[in-house]
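**Q** One structure follows; several queries about it will come next.
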Amino acid sequence: MAADGEIKSGTATDRKLEQLAALAFAAADVLFEVDRAFRIRHVGGAIQKLTGHQQKAVRGLSVFDLLVPADRVYFRRAVEEFDNTGKMNRITVRFLRGETETTTAVLGMSTTPGERVVTATIMDRAFVVCPESDGLLERSAFIDFARRLTPQAGDPSRFSITMVSLPQLVKSAAPHDSVLARAFLAEVEGILRTHSEGGAVTRLNDGAFAYIWDESKSPGIVEREIASAADSLLASTYTRSLPLDSSLMEPKEIESALDFALTAFAKDATDTFTFENLPECLAASISRDRGLAAACRNIIEDDTFFQVLQPIIALKTGAIQHYEVLTRFAQGVARGISNTGEFIKIAEQIGMINTFDLLNCIKTIRLLQKMPPGVRVALNISGRSVQSPEFADRLLNLLDAPDAKVAPSRLLIEITETRGITDFERPAALLQKLFRRGHRICLDDFGAGAMSFEYLRRFPVNYIKIDGDFFRNSMTSGRDRILIRAIARCGFELGCRTVAEMIETDVEAALARDLGIECGQGWLFGKPVTTDALFAALNRTRGASAPSQNSPAQAQLQARSRARRTSPPSAAPPPQTAPAAAEHPVRNVARVMTSGNT
């Protein structure tokens with residue numbers, strides 16, 4: 001009996017043989033014969049491997065229905081290009097395979113009298129550049145793809161990196177939430193993926209993108225198609241192109257130059273972006289890095305950083321479990337350092353992260369000494385620091401100092417993975433000592449790095465903090481929801497509490513509870529506040545009623561609730577300024593530690 005038990009007649013058998021012959025000729029896994037509306041008339045090959053369905057189940061459906069939503073506009077644009085030119089670049093798309101699975105395949109297309117033939121070649125995801133859920137590439141994957149297209153020395157340049165900005169969308173945030181604006185952005189993304197080499201496009205911000213352009217193609221076609229799709233929404237686009245030539249030979253140089261170009265364009269997509277080639281971008285990148293390193297060193301040595309606190313709450317009860325201590329900079333000292341994450345990376349690169357982490361610990365101990373005994377805080381320590389035996393000795397000496405005593409249970413140690421831990425013996429020994437002293441151990445950004453489960457296996461852990469972007473993606477990704485639910489279950493069985501970051505809405509909080517996550521952190525529960533603001537809230541609460549042991553947590557929660565009831569949703573929080581200089585001589589400690597830091 002033939003496949004599906006259907007093919008009995010000679011005509012059907014002949015068609016089946018024709019399909020198999022076409023598959024063999026096309027070197028594809030699946031062949032679709034479709035009408036002009038792309039409804040499937042016949043299908044042959046490994047359709048179940050591609051979609052999870054038998055042949056009978058997909059007949060009569062549109063090929064578009066089988067694709068993930070983010071790839072449908074891309075495929076439609078590719079079809080339009082085929083109709084106009086008779087050619088279609090082989091495009092990489094994802095087929096739906098059940099509710100959470102997808103299969104990556106390369107599509108090709110040809111025509112026969114009265115119908116079209118679409119071929120799909122299933123690809124191992126390890127050998128293709130896989131897009132994110134919106135169909136675009138993450139920044140590092142895009143840069144790696146562009147680097148691999150850079151020619152060898154002496155070979156001509158075939159490709160360039162082109163950056164495009166949509167000024168009207170950037171200037172006005174309101175249309176982003178409209179159906180019309182979302183449809184327009186989907187069209188733009190489809191246009192860029194259709195005309196870019198390999199569909200390689202990355203998002204720089206809400207209204208700016210970068211893509212790989214084949215110099216042999218007709219210039220201006222992308223801008224014309226975007227203008228046509230925009231109609232009255234957009235007057236014009238702004239674009240800049242940089243050739244991928246062989247002027248830079250080292251892969252790291254190419255990557256640094258590309259990253260600088262993308263960052264600079266995203267920050268200021270105007271005529272001030274004057275770079276003409278990658279060597280210019282590399283020189284500017286080196287100059288910028290020197291300035292950032294100097295700014296980072298000055299911030300640490302001059303003690304011009306301060307602390308803010310953000311609550312972590314129990315999702316079931318709303319009770320505050322502890323606060324995370326976050327770093328902020330006094331006004332005017334950052335000098336180009338965009339955020340705390342970048343500051344930490346720079347401090348690691350210039351060898352000052354040990355000094356910063358120790359200074360931050362001193363400030364945190366002083367903070368705890370001023371707070372009621374019921375308050376607990378989590379101190380972030382870099383994965384780079386815990387690998388240093390010198391840092392371990394200084395940290396333990398600091399915690400044992402007579403003037404730095406606090407109950408160990410009040411000081412949680414949160415390990416961040418900005419720099420991956422490679423030597424597990426020393427960090428494990430340090431964390432075991434801290435754990436035995438009574439300090440609780442947290443793993444930050446779990447799921448963002450490749451070593452998260454290895455840390456969980458080797459270190460004593462009390463809290464697992466799930467990466468904010470990972471959790472956010474679970475709002476739309478069934479695969480991520482399955483993974484996070486498994487992490488929550490794993491944490492429960494290991495005796496660890498799980499924390500979801502970046503919770504801003506009641507819907508996100510409900511999802512976290514549904515996934516089995518115990519604690520939450522984010523603007524829904526409280527924005528980071530200065531220590532002075534938190535102390536003021538505590539004093540107001542004490543004046544109104546007798547405080548309980550948990551009064552600091554309740555005071556913050558009540559203050560937030562009152563603010564939400566009395567302030568409009570769009571009201572901006574009051575500006576936060578750096579607190580007055582600390583009374584203890586942290587600055588002198590910084591200078592002493594810097595000389596021997598590794």
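Letters for chains follow the order of the structure tokens (A, B, ...), residue numbers begin at 1 for each chain, and ligand numbers begin at 1 in the order shown.
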Need the shell around stretch 471-484 of chain A: protein/DNA/RNA residues with any atom at most 9 Å away, counting only C-alpha atoms. Skip same-chain ones fewer than 6 positions apart. Format as a PyMOL selection string?

**A** chain A and resi 99-101+133+447+500-503+508+511-512+515-517

**Q** Excluding same-chain residues fewer than 4 positions from A:Ser385, what lies within 9 Å of it counting only C-alpha atoms, as a short mmCIF file (atom, residue, chain, number, x, y, z; two decimals) with C-alpha atoms, in the first residue's frame?

**A**
data_model
loop_
_atom_site.label_atom_id
_atom_site.label_comp_id
_atom_site.auth_asym_id
_atom_site.auth_seq_id
_atom_site.Cartn_x
_atom_site.Cartn_y
_atom_site.Cartn_z
CA GLU A 348 36.50 43.23 35.17
CA ILE A 353 36.37 44.38 40.03
CA ASN A 354 37.84 42.93 43.24
CA THR A 355 38.31 46.41 44.67
CA ASP A 357 33.15 44.39 45.14
CA ILE A 381 29.65 39.88 43.70
CA PRO A 389 42.14 33.80 46.36
CA GLU A 390 43.20 37.35 47.33
CA PHE A 391 39.60 38.53 47.15
CA ALA A 392 38.40 35.54 49.20
CA PRO A 427 34.71 29.78 44.19
#

**Q** Looking at only C-alpha atoms, which of A:Ala28, A:Leu244, A:Cys519, A:Val79 is the one that sits closest to A:Glu215?

**A** A:Leu244

**Q** If you run DSSP on the backbone, which residues of stretch 211-343 of chain A are strand (DSSP E), as a PyMOL selection string?

**A** chain A and resi 211-214+238-243+305-314+320-329

**Q** Mind the document's chain letters and residue numbers, and return as a list in words the residues of stretch 279-328 of chain A that DSSP labels alpha helix (DSSP H).

**A**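 Everything in stretch 279-328 of chain A that counts as alpha helix (DSSP H) is Pro279, Glu280, Cys281, Leu282, Ala283, Ala284, Ser285, Ile286, Ser287, Arg288, Asp289, Arg290, Gly291, Leu292, Ala293, Ala294, Ala295, Cys296, Arg297, Asn298, Ile299, Ile300 and Glu301 of chain A.
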
**Q** Could you save the residues just selected, with C-alpha atoms, as a short mmCIF file (atom, residue, chain, number, x, y, z; two decimals), in the first residue's frame?

**A**
data_model
loop_
_atom_site.label_atom_id
_atom_site.label_comp_id
_atom_site.auth_asym_id
_atom_site.auth_seq_id
_atom_site.Cartn_x
_atom_site.Cartn_y
_atom_site.Cartn_z
CA PRO A 279 38.98 50.77 10.57
CA GLU A 280 37.57 54.17 11.54
CA CYS A 281 35.05 52.43 13.81
CA LEU A 282 37.80 50.35 15.41
CA ALA A 283 39.92 53.45 16.15
CA ALA A 284 36.91 55.18 17.70
CA SER A 285 36.14 52.04 19.69
CA ILE A 286 39.67 51.92 21.14
CA SER A 287 39.52 55.60 22.06
CA ARG A 288 36.12 55.14 23.67
CA ASP A 289 37.28 52.11 25.65
CA ARG A 290 40.24 54.06 27.04
CA GLY A 291 37.91 56.82 28.18
CA LEU A 292 35.48 54.36 29.74
CA ALA A 293 38.29 52.58 31.55
CA ALA A 294 39.51 55.89 33.00
CA ALA A 295 35.96 56.82 34.07
CA CYS A 296 35.47 53.42 35.71
CA ARG A 297 38.77 53.68 37.58
CA ASN A 298 37.91 57.19 38.82
CA ILE A 299 34.45 56.08 40.02
CA ILE A 300 36.00 53.34 42.14
CA GLU A 301 39.02 55.26 43.44
#

**Q** Which polymer residues have any atom within 10 Å of an atom of A:Ala46, counting only C-alpha atoms, with same-chain residues fewer than 5 positions away left out, as an MDAnalysis selection string?

**A** chainID A and resid 28:31 51:55 120:122

**Q** Write a file of the selected residues as an mmCIF file, in the first residue's frame, keeping N, CA and C atoms.

**A**
data_model
loop_
_atom_site.group_PDB
_atom_site.id
_atom_site.type_symbol
_atom_site.label_atom_id
_atom_site.label_comp_id
_atom_site.auth_asym_id
_atom_site.auth_seq_id
_atom_site.Cartn_x
_atom_site.Cartn_y
_atom_site.Cartn_z
ATOM 1 N N ALA A 28 16.004 18.196 -1.638
ATOM 2 C CA ALA A 28 15.212 18.733 -0.541
ATOM 3 C C ALA A 28 14.583 17.592 0.249
ATOM 4 N N ASP A 29 14.088 17.927 1.428
ATOM 5 C CA ASP A 29 13.429 16.928 2.272
ATOM 6 C C ASP A 29 11.923 16.865 2.029
ATOM 7 N N VAL A 30 11.335 17.997 1.684
ATOM 8 C CA VAL A 30 9.887 18.058 1.481
ATOM 9 C C VAL A 30 9.607 18.871 0.228
ATOM 10 N N LEU A 31 8.627 18.440 -0.534
ATOM 11 C CA LEU A 31 8.200 19.163 -1.723
ATOM 12 C C LEU A 31 6.706 19.444 -1.621
ATOM 13 N N THR A 51 6.785 19.081 10.115
ATOM 14 C CA THR A 51 5.656 19.740 10.785
ATOM 15 C C THR A 51 5.034 18.920 11.914
ATOM 16 N N GLY A 52 5.387 17.642 12.012
ATOM 17 C CA GLY A 52 4.743 16.793 13.007
ATOM 18 C C GLY A 52 3.412 16.246 12.550
ATOM 19 N N HIS A 53 3.015 16.486 11.281
ATOM 20 C CA HIS A 53 1.724 16.046 10.769
ATOM 21 C C HIS A 53 1.909 15.067 9.607
ATOM 22 N N GLN A 54 0.886 14.247 9.395
ATOM 23 C CA GLN A 54 0.864 13.377 8.227
ATOM 24 C C GLN A 54 0.485 14.178 6.981
ATOM 25 N N GLN A 55 0.683 13.574 5.813
ATOM 26 C CA GLN A 55 0.389 14.263 4.556
ATOM 27 C C GLN A 55 -1.072 14.690 4.473
ATOM 28 N N ALA A 120 11.490 22.364 0.758
ATOM 29 C CA ALA A 120 11.976 22.667 2.110
ATOM 30 C C ALA A 120 13.084 21.682 2.465
ATOM 31 N N THR A 121 14.242 22.226 2.812
ATOM 32 C CA THR A 121 15.372 21.405 3.251
ATOM 33 C C THR A 121 15.567 21.620 4.742
ATOM 34 N N ILE A 122 15.366 20.575 5.515
ATOM 35 C CA ILE A 122 15.450 20.681 6.969
ATOM 36 C C ILE A 122 16.906 20.864 7.370
#

**Q** Quick one: residues within 12 Å of A:Leu434, only C-alpha atoms counted, chain neighbours fewer than 5 positions away excluded, as a VMD selection string?

**A** chain A and resid 386 392 to 393 395 to 397 399 to 400 408 to 409 411 to 414 427 to 429 439 to 442 459 to 461

**Q** Out of A:Thr237, A:Thr530, A:Ser228, A:Ser165, which residue has the shortest atom-to-atom distance to A:Gly207 when counting only C-alpha atoms?

**A**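 The shortest atom-to-atom distance to A:Gly207 comes from A:Ser165.
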
**Q** Could you give me, as a list in words, the residues within 12 Å of A:Arg139, counting only C-alpha atoms and dropping anything in the same chain fewer than 6 positions from it?

**A**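 Here the answer would be Val129, Cys130, Pro131, Glu132, Phe145, Ala146, Ala200, Val201, Thr202, Arg203, Leu204, Asn205, Phe209, Ala210, Tyr211, Glu255, Leu258, Asp259, Phe260, Ala261, Leu262 and Thr263 of chain A.
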
**Q** Which residues are close to A:Thr340, i.e. within 10 Å by only C-alpha atoms, leaving aside same-chain residues fewer than 4 positions away? Reply as a list in words.

**A** Leu326, Thr327, Arg328, Phe329, Ala334, Ile344, Lys345 and Ile346 of chain A

**Q** So how far away is atom CA of A:Ile415 from atom CA of A:Asn339, in Å?

**A**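 Interatomic distance here is 18.4 Å.
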
**Q** Write out as number ranges by chain which residues come within 12 Å of A:Val73 when counting only C-alpha atoms, dropping same-chain ones fewer than 2 positions away.

**A** A: 64-65, 67-71, 75-80, 93, 134-135, 183-194

**Q** Write a file of the just-selected residues containing N, CA and C atoms, as a PDB file, in the first residue's frame.

**A**
ATOM      1  N   PHE A  64       1.634  29.235   4.375  1.00  0.00           N
ATOM      2  CA  PHE A  64       1.774  30.290   5.380  1.00  0.00           C
ATOM      3  C   PHE A  64       1.295  29.814   6.747  1.00  0.00           C
ATOM      4  N   ASP A  65       0.236  28.985   6.770  1.00  0.00           N
ATOM      5  CA  ASP A  65      -0.303  28.505   8.036  1.00  0.00           C
ATOM      6  C   ASP A  65       0.682  27.611   8.782  1.00  0.00           C
ATOM      7  N   LEU A  67       3.956  28.125   8.973  1.00  0.00           N
ATOM      8  CA  LEU A  67       5.119  28.878   9.429  1.00  0.00           C
ATOM      9  C   LEU A  67       4.823  29.595  10.743  1.00  0.00           C
ATOM     10  N   VAL A  68       5.867  29.880  11.513  1.00  0.00           N
ATOM     11  CA  VAL A  68       5.685  30.701  12.714  1.00  0.00           C
ATOM     12  C   VAL A  68       5.257  32.091  12.262  1.00  0.00           C
ATOM     13  N   PRO A  69       4.428  32.802  13.044  1.00  0.00           N
ATOM     14  CA  PRO A  69       3.892  34.097  12.596  1.00  0.00           C
ATOM     15  C   PRO A  69       4.959  35.093  12.172  1.00  0.00           C
ATOM     16  N   ALA A  70       6.095  35.150  12.870  1.00  0.00           N
ATOM     17  CA  ALA A  70       7.123  36.137  12.541  1.00  0.00           C
ATOM     18  C   ALA A  70       7.748  35.904  11.173  1.00  0.00           C
ATOM     19  N   ASP A  71       7.620  34.692  10.605  1.00  0.00           N
ATOM     20  CA  ASP A  71       8.232  34.382   9.312  1.00  0.00           C
ATOM     21  C   ASP A  71       7.256  34.494   8.141  1.00  0.00           C
ATOM     22  N   PHE A  75       8.179  35.438   4.250  1.00  0.00           N
ATOM     23  CA  PHE A  75       7.924  34.545   3.137  1.00  0.00           C
ATOM     24  C   PHE A  75       7.086  35.238   2.070  1.00  0.00           C
ATOM     25  N   ARG A  76       6.083  36.026   2.501  1.00  0.00           N
ATOM     26  CA  ARG A  76       5.255  36.727   1.510  1.00  0.00           C
ATOM     27  C   ARG A  76       6.094  37.706   0.699  1.00  0.00           C
ATOM     28  N   ARG A  77       7.002  38.420   1.360  1.00  0.00           N
ATOM     29  CA  ARG A  77       7.872  39.348   0.642  1.00  0.00           C
ATOM     30  C   ARG A  77       8.798  38.603  -0.329  1.00  0.00           C
ATOM     31  N   ALA A  78       9.261  37.442   0.076  1.00  0.00           N
ATOM     32  CA  ALA A  78      10.106  36.640  -0.811  1.00  0.00           C
ATOM     33  C   ALA A  78       9.317  36.177  -2.027  1.00  0.00           C
ATOM     34  N   VAL A  79       8.053  35.821  -1.825  1.00  0.00           N
ATOM     35  CA  VAL A  79       7.198  35.411  -2.944  1.00  0.00           C
ATOM     36  C   VAL A  79       6.978  36.584  -3.901  1.00  0.00           C
ATOM     37  N   GLU A  80       6.750  37.776  -3.364  1.00  0.00           N
ATOM     38  CA  GLU A  80       6.575  38.960  -4.218  1.00  0.00           C
ATOM     39  C   GLU A  80       7.839  39.230  -5.022  1.00  0.00           C
ATOM     40  N   VAL A  93      13.448  29.705   7.237  1.00  0.00           N
ATOM     41  CA  VAL A  93      12.234  29.969   8.010  1.00  0.00           C
ATOM     42  C   VAL A  93      12.037  28.855   9.029  1.00  0.00           C
ATOM     43  N   ASP A 134      11.180  36.918  17.152  1.00  0.00           N
ATOM     44  CA  ASP A 134      10.630  37.855  16.173  1.00  0.00           C
ATOM     45  C   ASP A 134      11.233  37.676  14.784  1.00  0.00           C
ATOM     46  N   GLY A 135      12.089  36.678  14.615  1.00  0.00           N
ATOM     47  CA  GLY A 135      12.671  36.415  13.305  1.00  0.00           C
ATOM     48  C   GLY A 135      13.973  37.147  13.044  1.00  0.00           C
ATOM     49  N   ALA A 183       1.889  46.428  12.387  1.00  0.00           N
ATOM     50  CA  ALA A 183       1.838  45.855  11.034  1.00  0.00           C
ATOM     51  C   ALA A 183       2.921  46.474  10.153  1.00  0.00           C
ATOM     52  N   PHE A 184       3.136  47.787  10.308  1.00  0.00           N
ATOM     53  CA  PHE A 184       4.168  48.452   9.516  1.00  0.00           C
ATOM     54  C   PHE A 184       5.555  47.925   9.867  1.00  0.00           C
ATOM     55  N   LEU A 185       5.835  47.772  11.166  1.00  0.00           N
ATOM     56  CA  LEU A 185       7.132  47.248  11.567  1.00  0.00           C
ATOM     57  C   LEU A 185       7.341  45.820  11.062  1.00  0.00           C
ATOM     58  N   ALA A 186       6.268  45.025  11.051  1.00  0.00           N
ATOM     59  CA  ALA A 186       6.374  43.664  10.508  1.00  0.00           C
ATOM     60  C   ALA A 186       6.726  43.704   9.027  1.00  0.00           C
ATOM     61  N   GLU A 187       6.157  44.670   8.289  1.00  0.00           N
ATOM     62  CA  GLU A 187       6.489  44.814   6.869  1.00  0.00           C
ATOM     63  C   GLU A 187       7.945  45.218   6.692  1.00  0.00           C
ATOM     64  N   VAL A 188       8.400  46.154   7.515  1.00  0.00           N
ATOM     65  CA  VAL A 188       9.797  46.593   7.423  1.00  0.00           C
ATOM     66  C   VAL A 188      10.737  45.423   7.675  1.00  0.00           C
ATOM     67  N   GLU A 189      10.459  44.664   8.717  1.00  0.00           N
ATOM     68  CA  GLU A 189      11.303  43.510   9.035  1.00  0.00           C
ATOM     69  C   GLU A 189      11.295  42.492   7.904  1.00  0.00           C
ATOM     70  N   GLY A 190      10.110  42.281   7.289  1.00  0.00           N
ATOM     71  CA  GLY A 190      10.028  41.370   6.153  1.00  0.00           C
ATOM     72  C   GLY A 190      10.836  41.853   4.964  1.00  0.00           C
ATOM     73  N   ILE A 191      10.779  43.158   4.697  1.00  0.00           N
ATOM     74  CA  ILE A 191      11.555  43.741   3.586  1.00  0.00           C
ATOM     75  C   ILE A 191      13.054  43.550   3.833  1.00  0.00           C
ATOM     76  N   LEU A 192      13.500  43.860   5.036  1.00  0.00           N
ATOM     77  CA  LEU A 192      14.924  43.758   5.342  1.00  0.00           C
ATOM     78  C   LEU A 192      15.407  42.317   5.253  1.00  0.00           C
ATOM     79  N   ARG A 193      14.625  41.387   5.788  1.00  0.00           N
ATOM     80  CA  ARG A 193      15.043  39.979   5.746  1.00  0.00           C
ATOM     81  C   ARG A 193      15.064  39.451   4.314  1.00  0.00           C
ATOM     82  N   THR A 194      14.132  39.927   3.486  1.00  0.00           N
ATOM     83  CA  THR A 194      14.073  39.471   2.090  1.00  0.00           C
ATOM     84  C   THR A 194      15.308  39.901   1.309  1.00  0.00           C
TER      85      THR A 194
END
